[in-house]
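Asker: Sharing a structure, written as C-alpha cells. Questions coming.
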Amino acid sequence: MEYSKTPKEIELYLREEKAKFEKQKSEPKLLILGPSDSGKSTFLKQIKLLYGKGFSKEDQIQSKRTIINNIIHAIDTIFKLLMSYSIHHLDNLILEPSSRIQFQLLIDQLLSFRDNQLDYFSQPILEAIVCFWNCDYVQKIYHSLNDNAIPTTTSYFFQHVQRITSESGMPTNEDLLMIRVITKSVSDTVFTIDGINIHFYDVSGLVHHRKQWISYFEDVLNVIFIVSLSSYDQMMIEDESKNRLMDSIHLFEYIFNHPLLKKADVILFFNKKDLFEIKIRKISFKKYFPDFRDRSLSEAYTYTKEKFKKIAKDSPKTLFTHLTCCTDTKAMKSIISDIM
C-alpha cells in the first residue's frame with residue numbers, strides 16, 4: 001500500500017526545500033566565461049584539484065577513453081590529408097619494411113576503432129601509433145594543420161601514448177588537465193572555500209550557446225573571463241571569416257558592460273601563454289593585427305591587454321588581469337589563491 005504524507009509532513013518538506021533554495025540563492029556565484037577552447041574547463045579542473053576532492057578513479061577511466069578517441073580522431077584526420085597529398089600507396093612512404101607493416105596495421109584497425117569505446121590500446125597498436133607519429137610526412141602535416149582541426153595538445157598525447165593508453169596505463173592529474181573537450185552545456189559545481197560554498201558556473205563558449213548566458217547573470221559575485229592569447233591567428237569554428245581573438249574582444253565588451261553584471265568585478269585571464277610564446281616566434285602577430293608596431297613577445301602581450309583594458313577604462317568596476325597557463329598547476333595555485 002502506498003504511503004501518503006500527512007499535511008504536517010508536506011508542510012515540513014516544503015519549508016525544508018524553501019530553506020535549501022534560499023540558502024543556495026544566498027551563496028556566492030562565480031561565472032567562468034569566454035569563447036570556446038579558451039581554457040575555462042581547465043581552470044575549473046584546477047579548482048577541483050585545489051578545493052575539491054581531486055580526480056576520481058572514474059574520472060581517470062573516462063579521461064583515458066577520451067584521450068584514446070582524440071588520438072584516433074587525430075590519426076584519421078592526418079591520414080586523410082596524407083591521401084589528399086597524393087600519397088596514395090604506403091609504398092610511397094619512406095619507412096623500413098617492419099615499420100610499413102605496423103603502419104598498415106594501424107590504418108586497418110582505425111575504422112573498427114572509430115565507433116567503439118576502447119579502454120586501452122594493445123601493444124601492437126601502440127607500436128604502430130609510435131611509428132605513425134615518427135613518420136616525417138605525418139610531422140609535416142601535423143605542423144601545417146590549423147588549430148581547429150585537432151586539439152593543440154595532440155602532440156603531448158602522442159608523445160605519452162604508451163604510458164597513458166596501454167592496458168596498465170592511467171592518466172595522471174597533468175594528463176587530465178591537458179585534455180581538450182568542447183563544453184556543450186552548463187555545469188554548476190560547488191566548492192567550499194574558507195567555509196563558504198561558492199557556485200562555479202562553467203558555460204559553453206560556442207556562439208549558439210551564448211544566448212543562454214544571460215540566465216546566469218543575476219546576483220553574480222565575480223566573472224572570470226578567459227581569453228586564449230594563442231588564438232590571434234585562428235578563425236572561429238562557427239565562422240571562418242572571423243578572427244578568434246577579435247571575437248574574444250567583442251565578447252568581453254558585451255560581458256563587461258552588461259547591465260546585469262554592473263556590480264560584478266571581472267577577473268581577466270590571458271591564457272595559453274605557453275602556446276603564445278611558441279607560436280609568436282613562427283607566426284607573425286602583425287599579420288593579423290596590422291596596427292601592431294612592435295615584434296617582441298612582451299609588446300604583443302601588452303598590445304592585447306590594452307585592447308581589453310580600453311573597454312574598462314571609464315568604468316567604476318574593478319578589472320583584474322592575470323597572464324596564465326591553466327595547465328600549470330603550481331602557477332595556477334598562486335593565482336587562484338590571490339583571486340579567491
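We name chains A, B, ... following the order of the C-alpha cells; residues begin at 1 in each chain, and ligands are numbered from 1 as shown.
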When DSSP is applied to the backbone of this structure, which of stretch 53-246 of chain A are assigned strand (DSSP E or B)? Write them out as a ChimeraX atom specification.
Answerer: /A:186-193,196-203,222-228,235,243
Asker: My list of candidates is A:Tyr156, A:Tyr232, A:Trp213, A:Phe256. Which is closest to A:Tyr303 when distances are computed with only C-alpha atoms?
Answerer: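 Once distances to A:Tyr303 are computed over only C-alpha atoms, the minimum belongs to A:Tyr232.
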Asker: Please identify all polymer residues within 12 Å of stretch 141-144 of chain A, counting only C-alpha atoms, omitting same-chain residues fewer than 5 positions from it, and present them as a PyMOL selection string.
Answerer: chain A and resi 74-85+132-136+149-155+158+279+282-283
Asker: Determine the nearest neighbour of A:Ile255 from the options A:Gln159, A:Phe217, A:Asp274, A:Leu229, counting only C-alpha atoms.
Answerer: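 Among the listed residues, the smallest separation from A:Ile255 belongs to A:Phe217.
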Asker: Just want the 12 Å neighbourhood of A:Leu251, counted on only C-alpha atoms, with same-chain residues fewer than 2 positions away dropped. Output as a list in words.
Answerer: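 Everything that qualifies: Leu33, Gly34, Pro35, Ser36, Gly205, Leu206, Val207, Arg210, Lys211, Trp213, Phe225, Ile226, Val227, Arg244, Leu245, Met246, Asp247, Ser248, Ile249, Glu253, Tyr254, Ile255, Phe256, Asn257, His258, Phe308 and Ile311 of chain A.
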Asker: Go ahead and dump the residues you just picked, C-alpha atoms, as a compact mmCIF listing (two decimals), in the first residue's frame.
Answerer:
# COMPACT_ATOMS: atom_id res chain seq x y z
CA LEU A 33 33.03 32.88 -19.32
CA GLY A 34 34.93 33.15 -22.57
CA PRO A 35 35.00 31.75 -26.11
CA SER A 36 35.20 28.05 -26.82
CA GLY A 205 31.56 29.31 -25.23
CA LEU A 206 30.13 28.17 -28.57
CA VAL A 207 28.35 31.01 -30.36
CA ARG A 210 25.99 32.33 -25.67
CA LYS A 211 22.35 33.44 -25.62
CA TRP A 213 24.48 33.01 -20.55
CA PHE A 225 36.67 35.84 -18.37
CA ILE A 226 39.26 33.67 -20.11
CA VAL A 227 40.98 34.60 -23.38
CA ARG A 244 39.04 34.34 -32.67
CA LEU A 245 40.97 36.94 -30.67
CA MET A 246 38.80 39.72 -32.12
CA ASP A 247 35.73 37.68 -31.19
CA SER A 248 37.10 37.49 -27.62
CA ILE A 249 37.46 41.28 -27.50
CA GLU A 253 32.93 44.15 -24.20
CA TYR A 254 29.43 42.64 -24.14
CA ILE A 255 30.06 40.93 -20.79
CA PHE A 256 31.86 43.79 -19.07
CA ASN A 257 29.16 46.34 -19.95
CA HIS A 258 26.11 44.13 -19.39
CA PHE A 308 40.78 44.74 -23.31
CA ILE A 311 36.93 48.60 -22.74
Asker: Taking only stretch 188-260 of chain A into account, list the residues labelled alpha helix (DSSP H) by DSSP (computed from the backbone), as JSON, numbers by chain.
Answerer: {"A": [244, 245, 246, 247, 248, 249, 250, 251, 252, 253, 254, 255, 256]}
Asker: What does the distance from atom CA of A:Lys309 to atom CA of A:Thr321 come to in Å, to one decimal?
Answerer: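 One can read the atom CA of A:Lys309 to atom CA of A:Thr321 distance as 9.0 Å.
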Asker: Under the rule that only C-alpha atoms are counted, which of A:Ala300, A:Ile267, A:Ala128, A:Ile72 is the nearest residue to A:Leu31?
Answerer: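 For A:Leu31, the nearest of the candidates is A:Ile267.
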Asker: From the list A:Gln162, A:Lys313, A:Val181, A:Ser230, which residue is nearest A:Arg281 when using only C-alpha atoms?
Answerer: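 Using only C-alpha atoms, the shortest distance to A:Arg281 belongs to A:Ser230.
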Asker: Between atom CA of A:Asp37 and atom CA of A:Lys333, what is the distance in Å, rounded to a tenth?
Answerer: 21.0 Å
Asker: Could you please determine the separation between atom CA of A:Ser215 and atom CA of A:His250 in Å, to one decimal place?
Answerer: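 We find that atom CA of A:Ser215 and atom CA of A:His250 lie 19.8 Å from each other.
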Asker: Given the choices A:Ser185, A:Ser41, A:Gln234, A:Gln109, which gets closest to A:Gln212 if the distance is worked out from only C-alpha atoms?
Answerer: A:Ser185
Asker: Excluding same-chain residues fewer than 4 positions from A:Ile61, what lies within 10 Å of it counting only C-alpha atoms, as a list in words?
Answerer: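 Here the qualifying residues turn out to be Ser56, Lys57, Arg65, Thr66, Asp119, Tyr120, Gly169, Met170 and Pro171 of chain A.
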Asker: Could those selected residues go to a file with C-alpha atoms, as a PDB file, in the first residue's frame?
Answerer:
ATOM      1  CA  SER A  56      38.314  10.162  -9.049  1.00  0.00           C
ATOM      2  CA  LYS A  57      39.162   6.748 -10.476  1.00  0.00           C
ATOM      3  CA  ARG A  65      38.815   6.766 -23.171  1.00  0.00           C
ATOM      4  CA  THR A  66      38.617  10.417 -24.259  1.00  0.00           C
ATOM      5  CA  ASP A 119      39.584   1.092 -22.719  1.00  0.00           C
ATOM      6  CA  TYR A 120      43.192   0.727 -23.939  1.00  0.00           C
ATOM      7  CA  GLY A 169      48.333   2.802 -18.118  1.00  0.00           C
ATOM      8  CA  MET A 170      46.278   5.501 -16.452  1.00  0.00           C
ATOM      9  CA  PRO A 171      46.355   9.290 -16.960  1.00  0.00           C
TER      10      PRO A 171
END
Asker: Can you list, as a list in words, every protein, DNA or RNA residue that comes within 8 Å of A:Ser166 when you count only C-alpha atoms, leaving out same-chain residues fewer than 5 positions away?
Answerer: Tyr120, Phe121, Ser122, Gln123, Leu126 and Val161 of chain A
Asker: Pick out the closest residue to A:Ile47 from this set: A:Glu27, A:Asp202, A:Glu167, A:Glu127. Count only C-alpha atoms.
Answerer: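 Comparing A:Glu27, A:Asp202, A:Glu167, A:Glu127 against A:Ile47, the winner is A:Asp202.
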Asker: Determine, counting only C-alpha atoms, which protein, DNA and RNA residues have an atom within 10 Å of an atom of A:Asn271; residues of the same chain fewer than 5 positions away are not included. Present the result as an MDAnalysis selection string.
Answerer: chainID A and resid 38:40 43 225:231 276 322:327
Asker: Could you please take those selected residues and save all heavy atoms as a short mmCIF file (atom, residue, chain, number, x, y, z; two decimals), in the first residue's frame?
Answerer:
data_model
loop_
_atom_site.label_atom_id
_atom_site.label_comp_id
_atom_site.auth_asym_id
_atom_site.auth_seq_id
_atom_site.Cartn_x
_atom_site.Cartn_y
_atom_site.Cartn_z
N SER A 38 39.10 28.33 -24.80
CA SER A 38 39.97 29.34 -24.19
C SER A 38 40.64 28.82 -22.91
O SER A 38 41.63 29.39 -22.45
CB SER A 38 39.18 30.61 -23.87
OG SER A 38 38.08 30.33 -23.03
N GLY A 39 40.08 27.73 -22.33
CA GLY A 39 40.67 27.16 -21.13
C GLY A 39 39.76 27.19 -19.91
O GLY A 39 40.22 26.99 -18.79
N LYS A 40 38.47 27.43 -20.11
CA LYS A 40 37.53 27.55 -18.99
C LYS A 40 37.44 26.26 -18.19
O LYS A 40 37.52 26.27 -16.96
CB LYS A 40 36.14 27.95 -19.51
CG LYS A 40 36.11 29.28 -20.23
CD LYS A 40 34.69 29.70 -20.61
CE LYS A 40 34.01 28.72 -21.54
NZ LYS A 40 34.71 28.59 -22.85
N PHE A 43 40.56 25.55 -16.16
CA PHE A 43 40.58 26.34 -14.94
C PHE A 43 39.72 25.67 -13.86
O PHE A 43 40.12 25.57 -12.70
CB PHE A 43 40.07 27.76 -15.21
CG PHE A 43 39.79 28.55 -13.97
CD1 PHE A 43 40.82 29.04 -13.18
CD2 PHE A 43 38.48 28.79 -13.56
CE1 PHE A 43 40.57 29.76 -12.02
CE2 PHE A 43 38.21 29.51 -12.41
CZ PHE A 43 39.26 29.99 -11.64
N PHE A 225 36.73 35.89 -16.91
CA PHE A 225 36.67 35.84 -18.37
C PHE A 225 38.03 35.36 -18.87
O PHE A 225 39.07 35.94 -18.53
CB PHE A 225 36.34 37.21 -18.95
CG PHE A 225 35.99 37.18 -20.41
CD1 PHE A 225 34.68 37.08 -20.82
CD2 PHE A 225 36.98 37.25 -21.39
CE1 PHE A 225 34.35 37.04 -22.17
CE2 PHE A 225 36.67 37.21 -22.73
CZ PHE A 225 35.34 37.11 -23.13
N ILE A 226 38.01 34.29 -19.67
CA ILE A 226 39.26 33.67 -20.11
C ILE A 226 39.45 33.84 -21.62
O ILE A 226 38.56 33.52 -22.41
CB ILE A 226 39.31 32.18 -19.72
CG1 ILE A 226 39.11 32.04 -18.20
CG2 ILE A 226 40.63 31.55 -20.14
CD1 ILE A 226 39.17 30.62 -17.68
N VAL A 227 40.62 34.36 -21.98
CA VAL A 227 40.98 34.60 -23.38
C VAL A 227 42.18 33.73 -23.74
O VAL A 227 43.11 33.59 -22.95
CB VAL A 227 41.39 36.08 -23.58
CG1 VAL A 227 41.79 36.33 -25.03
CG2 VAL A 227 40.28 37.01 -23.16
N SER A 228 42.15 33.13 -24.91
CA SER A 228 43.30 32.39 -25.40
C SER A 228 44.21 33.33 -26.19
O SER A 228 43.85 33.78 -27.28
CB SER A 228 42.87 31.22 -26.29
OG SER A 228 43.99 30.66 -26.95
N LEU A 229 45.39 33.65 -25.63
CA LEU A 229 46.34 34.51 -26.33
C LEU A 229 46.78 33.89 -27.66
O LEU A 229 47.02 34.60 -28.64
CB LEU A 229 47.58 34.74 -25.46
CG LEU A 229 47.46 35.76 -24.33
CD1 LEU A 229 48.72 35.72 -23.47
CD2 LEU A 229 47.24 37.17 -24.87
N SER A 230 46.87 32.56 -27.67
CA SER A 230 47.38 31.88 -28.87
C SER A 230 46.37 31.82 -30.01
O SER A 230 46.65 31.28 -31.07
CB SER A 230 47.84 30.46 -28.51
OG SER A 230 46.74 29.66 -28.12
N SER A 231 45.18 32.41 -29.79
CA SER A 231 44.15 32.35 -30.83
C SER A 231 44.26 33.50 -31.83
O SER A 231 43.42 33.65 -32.70
CB SER A 231 42.75 32.38 -30.18
OG SER A 231 42.51 33.63 -29.55
N PHE A 276 51.33 30.68 -26.79
CA PHE A 276 51.53 32.01 -27.37
C PHE A 276 53.02 32.28 -27.58
O PHE A 276 53.44 32.76 -28.64
CB PHE A 276 50.92 33.05 -26.43
CG PHE A 276 51.04 34.48 -26.89
CD1 PHE A 276 50.47 34.90 -28.09
CD2 PHE A 276 51.70 35.42 -26.12
CE1 PHE A 276 50.57 36.22 -28.50
CE2 PHE A 276 51.80 36.74 -26.52
CZ PHE A 276 51.23 37.14 -27.71
N HIS A 322 45.41 38.73 -15.31
CA HIS A 322 46.46 37.76 -15.00
C HIS A 322 46.92 37.09 -16.29
O HIS A 322 46.10 36.74 -17.15
CB HIS A 322 45.95 36.68 -14.03
CG HIS A 322 45.61 37.20 -12.67
ND1 HIS A 322 46.54 37.32 -11.66
CD2 HIS A 322 44.43 37.64 -12.16
CE1 HIS A 322 45.96 37.80 -10.58
NE2 HIS A 322 44.68 38.01 -10.85
N LEU A 323 48.21 36.90 -16.43
CA LEU A 323 48.79 36.14 -17.53
C LEU A 323 48.90 34.70 -17.05
O LEU A 323 49.56 34.42 -16.05
CB LEU A 323 50.16 36.70 -17.88
CG LEU A 323 50.92 36.08 -19.05
CD1 LEU A 323 50.13 36.20 -20.34
CD2 LEU A 323 52.30 36.70 -19.20
N THR A 324 48.22 33.77 -17.74
CA THR A 324 48.08 32.42 -17.20
C THR A 324 48.41 31.32 -18.20
O THR A 324 48.38 31.50 -19.41
CB THR A 324 46.64 32.17 -16.70
OG1 THR A 324 45.73 32.26 -17.82
CG2 THR A 324 46.24 33.17 -15.64
N CYS A 325 48.70 30.17 -17.61
CA CYS A 325 48.76 28.89 -18.33
C CYS A 325 47.97 27.93 -17.45
O CYS A 325 48.48 27.44 -16.44
CB CYS A 325 50.21 28.43 -18.50
SG CYS A 325 50.36 26.75 -19.16
N CYS A 326 46.72 27.71 -17.79
CA CYS A 326 45.81 26.97 -16.91
C CYS A 326 46.20 25.51 -16.68
O CYS A 326 45.66 24.86 -15.79
CB CYS A 326 44.37 27.06 -17.42
SG CYS A 326 43.56 28.62 -17.00
N THR A 327 47.12 25.00 -17.49
CA THR A 327 47.59 23.63 -17.28
C THR A 327 48.74 23.55 -16.28
O THR A 327 49.16 22.46 -15.90
CB THR A 327 48.03 22.99 -18.61
OG1 THR A 327 49.04 23.81 -19.21
CG2 THR A 327 46.85 22.84 -19.56
#
